[in-house]
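Q: The file below is model_0.csv, CSV, C-alpha atoms:
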```csv
chain,number,residue,atom,x,y,z
A,2,MET,CA,256.6,3.1,35.5
A,3,ALA,CA,259.3,2.2,38.0
A,4,ALA,CA,259.4,-1.4,39.1
A,5,VAL,CA,259.0,-1.8,42.8
A,6,ALA,CA,260.1,-5.3,43.7
A,7,VAL,CA,261.6,-6.9,46.6
A,8,SER,CA,262.9,-10.4,45.9
A,9,LYS,CA,261.7,-12.7,48.7
A,10,ASP,CA,264.4,-15.3,47.9
A,11,SER,CA,267.2,-12.7,48.2
A,12,LEU,CA,265.7,-11.4,51.5
A,13,GLU,CA,265.5,-14.9,53.0
A,14,SER,CA,269.1,-15.6,52.1
A,15,ASP,CA,270.3,-12.5,54.0
A,16,SER,CA,269.0,-12.9,57.6
A,17,ASP,CA,269.8,-9.2,58.4
A,18,ILE,CA,267.1,-7.8,56.1
A,19,HIS,CA,263.5,-7.9,57.2
A,20,ILE,CA,260.6,-6.1,55.7
A,21,THR,CA,258.8,-4.2,58.4
A,22,LEU,CA,255.4,-2.5,58.1
A,23,GLU,CA,257.2,0.8,57.8
A,24,ASP,CA,259.3,-0.5,54.9
A,25,GLN,CA,256.2,-1.7,53.1
A,26,GLN,CA,254.6,1.7,53.7
A,27,LYS,CA,257.6,3.4,52.1
A,28,ILE,CA,257.5,1.0,49.2
A,29,ASN,CA,253.8,1.7,48.7
A,30,ARG,CA,254.3,5.4,49.0
A,31,PHE,CA,257.1,5.3,46.4
A,32,ALA,CA,254.8,3.4,44.1
A,33,ARG,CA,252.0,6.0,44.5
A,34,GLN,CA,254.4,8.9,44.0
A,35,ASN,CA,255.8,7.2,40.9
A,36,ALA,CA,252.2,6.8,39.5
A,37,LYS,CA,251.5,10.4,40.3
A,38,TRP,CA,254.7,11.5,38.6
A,39,GLU,CA,253.9,9.5,35.4
A,40,GLU,CA,250.4,11.2,35.4
A,41,LEU,CA,251.9,14.6,35.8
A,42,ARG,CA,254.4,13.9,33.1
A,43,ASP,CA,251.6,13.0,30.7
A,44,ASP,CA,249.7,16.1,31.7
A,45,LEU,CA,252.7,18.3,31.1
A,46,LYS,CA,253.2,16.8,27.6
A,47,HIS,CA,249.6,17.6,26.8
A,48,LYS,CA,249.8,21.1,28.1
A,49,LYS,CA,253.0,21.8,26.1
A,50,GLY,CA,251.1,20.5,23.0
A,51,ASP,CA,248.2,22.8,23.8
A,52,LEU,CA,250.6,25.8,24.2
A,53,GLN,CA,252.2,25.0,20.8
A,54,ASN,CA,248.8,24.8,19.2
A,55,LEU,CA,247.9,28.2,20.7
A,56,GLU,CA,251.2,29.7,19.4
A,57,ASP,CA,250.5,28.3,16.0
A,58,ALA,CA,247.0,29.8,16.0
A,59,SER,CA,248.6,33.2,17.0
A,60,ASP,CA,251.0,32.9,14.0
A,61,ASP,CA,248.1,32.0,11.7
A,62,LEU,CA,246.2,35.2,12.8
A,63,LEU,CA,249.1,37.2,11.4
A,64,LEU,CA,248.4,35.7,7.9
A,65,VAL,CA,244.8,36.8,7.9
A,66,GLU,CA,244.3,39.5,5.2
A,67,ASP,CA,240.8,40.7,5.9
A,68,GLU,CA,240.9,41.9,9.5
A,69,SER,CA,237.1,42.5,9.5
A,70,ALA,CA,236.4,38.8,8.9
A,71,PRO,CA,235.1,36.9,11.9
A,72,ILE,CA,237.6,34.6,13.5
A,73,PRO,CA,236.3,31.3,14.8
A,74,PHE,CA,237.4,30.5,18.3
A,75,VAL,CA,236.7,27.3,20.2
A,76,VAL,CA,235.0,27.9,23.6
A,77,GLY,CA,234.3,24.6,25.2
A,78,GLU,CA,232.8,22.5,22.4
A,79,VAL,CA,231.5,25.2,20.2
A,80,PHE,CA,233.0,27.8,17.8
A,81,VAL,CA,232.4,31.5,18.7
A,82,HIS,CA,233.2,34.2,16.1
A,83,PHE,CA,235.3,37.1,17.3
A,84,ASN,CA,236.8,40.0,15.5
A,85,MET,CA,240.6,40.1,15.1
A,86,GLU,CA,241.4,42.0,18.3
A,87,GLU,CA,239.1,39.9,20.5
A,88,ALA,CA,240.6,36.7,19.0
A,89,LYS,CA,244.1,37.9,19.7
A,90,GLU,CA,243.1,38.7,23.3
A,91,LYS,CA,241.4,35.3,23.8
A,92,LEU,CA,244.5,33.6,22.4
A,93,GLU,CA,246.8,35.5,24.8
A,94,GLU,CA,244.6,34.7,27.8
A,95,ALA,CA,244.6,31.1,26.8
A,96,LYS,CA,248.3,31.0,26.4
A,97,SER,CA,248.8,32.7,29.7
A,98,LYS,CA,246.6,30.2,31.5
A,99,VAL,CA,248.4,27.2,29.9
A,100,LYS,CA,251.8,28.7,30.8
A,101,LYS,CA,250.6,29.0,34.4
A,102,ASP,CA,249.3,25.4,34.3
A,103,ILE,CA,252.7,24.2,33.0
A,104,GLU,CA,254.6,26.0,35.7
A,105,SER,CA,252.3,24.5,38.3
A,106,ILE,CA,252.7,21.0,36.9
A,107,GLU,CA,256.5,21.4,36.7
A,108,ALA,CA,256.6,22.5,40.4
A,109,GLU,CA,254.5,19.6,41.4
A,110,CYS,CA,256.8,17.2,39.4
A,111,THR,CA,259.8,18.6,41.2
A,112,ASN,CA,258.1,18.0,44.6
A,113,VAL,CA,257.1,14.5,43.7
A,114,LYS,CA,260.6,13.7,42.3
A,115,SER,CA,262.1,15.0,45.6
A,116,ILE,CA,259.9,12.7,47.7
A,117,MET,CA,260.7,9.8,45.4
A,118,SER,CA,264.4,10.5,45.7
A,119,ASP,CA,264.2,10.5,49.5
A,120,LEU,CA,262.3,7.3,49.6
A,121,LYS,CA,264.6,5.7,47.0
A,122,THR,CA,267.6,6.6,49.2
A,123,GLN,CA,266.1,5.1,52.3
A,124,LEU,CA,264.9,1.9,50.6
A,125,TYR,CA,268.2,1.3,48.7
A,126,ALA,CA,270.1,1.9,52.0
A,127,LYS,CA,268.1,-0.9,53.6
A,128,PHE,CA,267.5,-3.3,50.8
A,129,GLY,CA,270.5,-2.7,48.4
A,130,ASN,CA,270.2,-4.8,45.3
A,131,SER,CA,267.2,-6.7,46.6
A,132,ILE,CA,264.9,-3.9,45.5
A,133,ASN,CA,264.4,-2.3,42.1
A,134,LEU,CA,263.0,1.2,42.0
A,135,GLU,CA,264.3,2.2,38.6
A,136,ALA,CA,262.0,3.1,35.7
A,137,GLU,CA,261.4,0.4,33.2
A,138,GLU,CA,262.9,1.0,29.7
A,139,GLU,CA,260.3,1.9,27.1
```
Would you put the structure from the file into structure tokens?

A:
Amino acid sequence: MAAVAVSKDSLESDSDIHITLEDQQKINRFARQNAKWEELRDDLKHKKGDLQNLEDASDDLLLVEDESAPIPFVVGEVFVHFNMEEAKEKLEEAKSKVKKDIESIEAECTNVKSIMSDLKTQLYAKFGNSINLEAEEE
């Protein structure tokens, strides 16, 4: 998470810099957008993992020798048995949905990063080195 910090000592030493209500609102908005971006990034990571699992399941279906054997498929919290064709259809539908979710999350990430970039530019222009909006190293 990015650190949002304004050093009071450094601001007091420079009499030209004052934190206005508008500045504080920008700092708070940046912090909220950063938290949202972190959450979206985690969601994206999980969705990509889900997509990989679905692709692995599709690959595993190719290895099934007995095409008449029922294929267990998770629906919610239970397993439902489908024939080979139905299982392939369900996997394709699930992959399609996850891909759409990934696209949606990526678009939202781009929007949030744009907002953060604008706020960062405005805040660094006013506060310079007195504010730190960079992500912490993990």

Q: Which value, in Å to one decimal, gives the distance between CA of Asn84 in chain A and CA of Lys100 in chain A?

A: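 CA of Lys100 in chain A lies 24.2 Å from CA of Asn84 in chain A.
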
Q: Looking at all atoms listed in the file, which of A:Leu124, A:Ala88, A:Val79, A:Ala36 is the one that sits closest to Val65 in chain A?

A: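 The closest residue to Val65 in chain A is A:Ala88.
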
Q: Please provide as an MDAnalysis selection string all residues within 10 Å of Lys48 in chain A, with the sequence filter that same-chain residues fewer than 4 positions apart are discarded (counting all atoms listed in the file).

A: chainID A and resid 42:44 52:54 99:100 102:103 106

Q: Have a look at A:Leu45, A:Lys37, A:Leu134, A:Phe80 and name the one nearest to Lys121 in chain A; count all atoms listed in the file.

A: A:Leu134

Q: Could you tell me how far CA of Leu92 in chain A lies from CA of Ala108 in chain A, in Å and to one decimal?

A: 24.4 Å

Q: Tell me which protein, DNA and RNA residues are within 12 Å of Ala58 in chain A, counting only C-alpha atoms, leaving out same-chain ones fewer than 6 positions away, and put them as a PyMOL selection string.

A: chain A and resi 51-52+64-65+72-75+88-89+91-93+95-96

Q: Excluding Ile28 in chain A and its own-chain neighbours fewer than 2 positions away, which residues fall within 9 Å of it when counting all atoms listed in the file? Please give them as a VMD selection string.

A: chain A and resid 5 to 6 23 to 26 30 to 33 120 to 121 124

Q: Could you work out how far CA of Lys101 in chain A lies from CA of Phe83 in chain A, giving the answer in Å with one decimal?

A: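 Atom-to-atom, CA of Phe83 in chain A to CA of Lys101 in chain A, that is 24.3 Å.
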
Q: Tell me which protein, DNA and RNA residues are within 9 Å of Met85 in chain A, counting all atoms listed in the file, leaving out same-chain ones fewer than 5 positions away, and put them as a PyMOL selection string.

A: chain A and resi 62+65+68-72+90

Q: Which is closer to Glu39 in chain A than all the others in A:Leu22, A:Ala136, A:Ala126, A:Leu55, using only C-alpha atoms?

A: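 The closest residue to Glu39 in chain A is A:Ala136.
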
Q: Using all atoms of range 59-78 of chain A that appear in the file, construct an axis-aligned enclosing box with 8 Å of padding on every side and provide its centre coordinates and edge lengths in Å, rounded to one decimal, as JSON.

A:
```
{"center_x": 241.9, "center_y": 32.5, "center_z": 15.2, "size_x": 34.2, "size_y": 36.0, "size_z": 36.0}
```
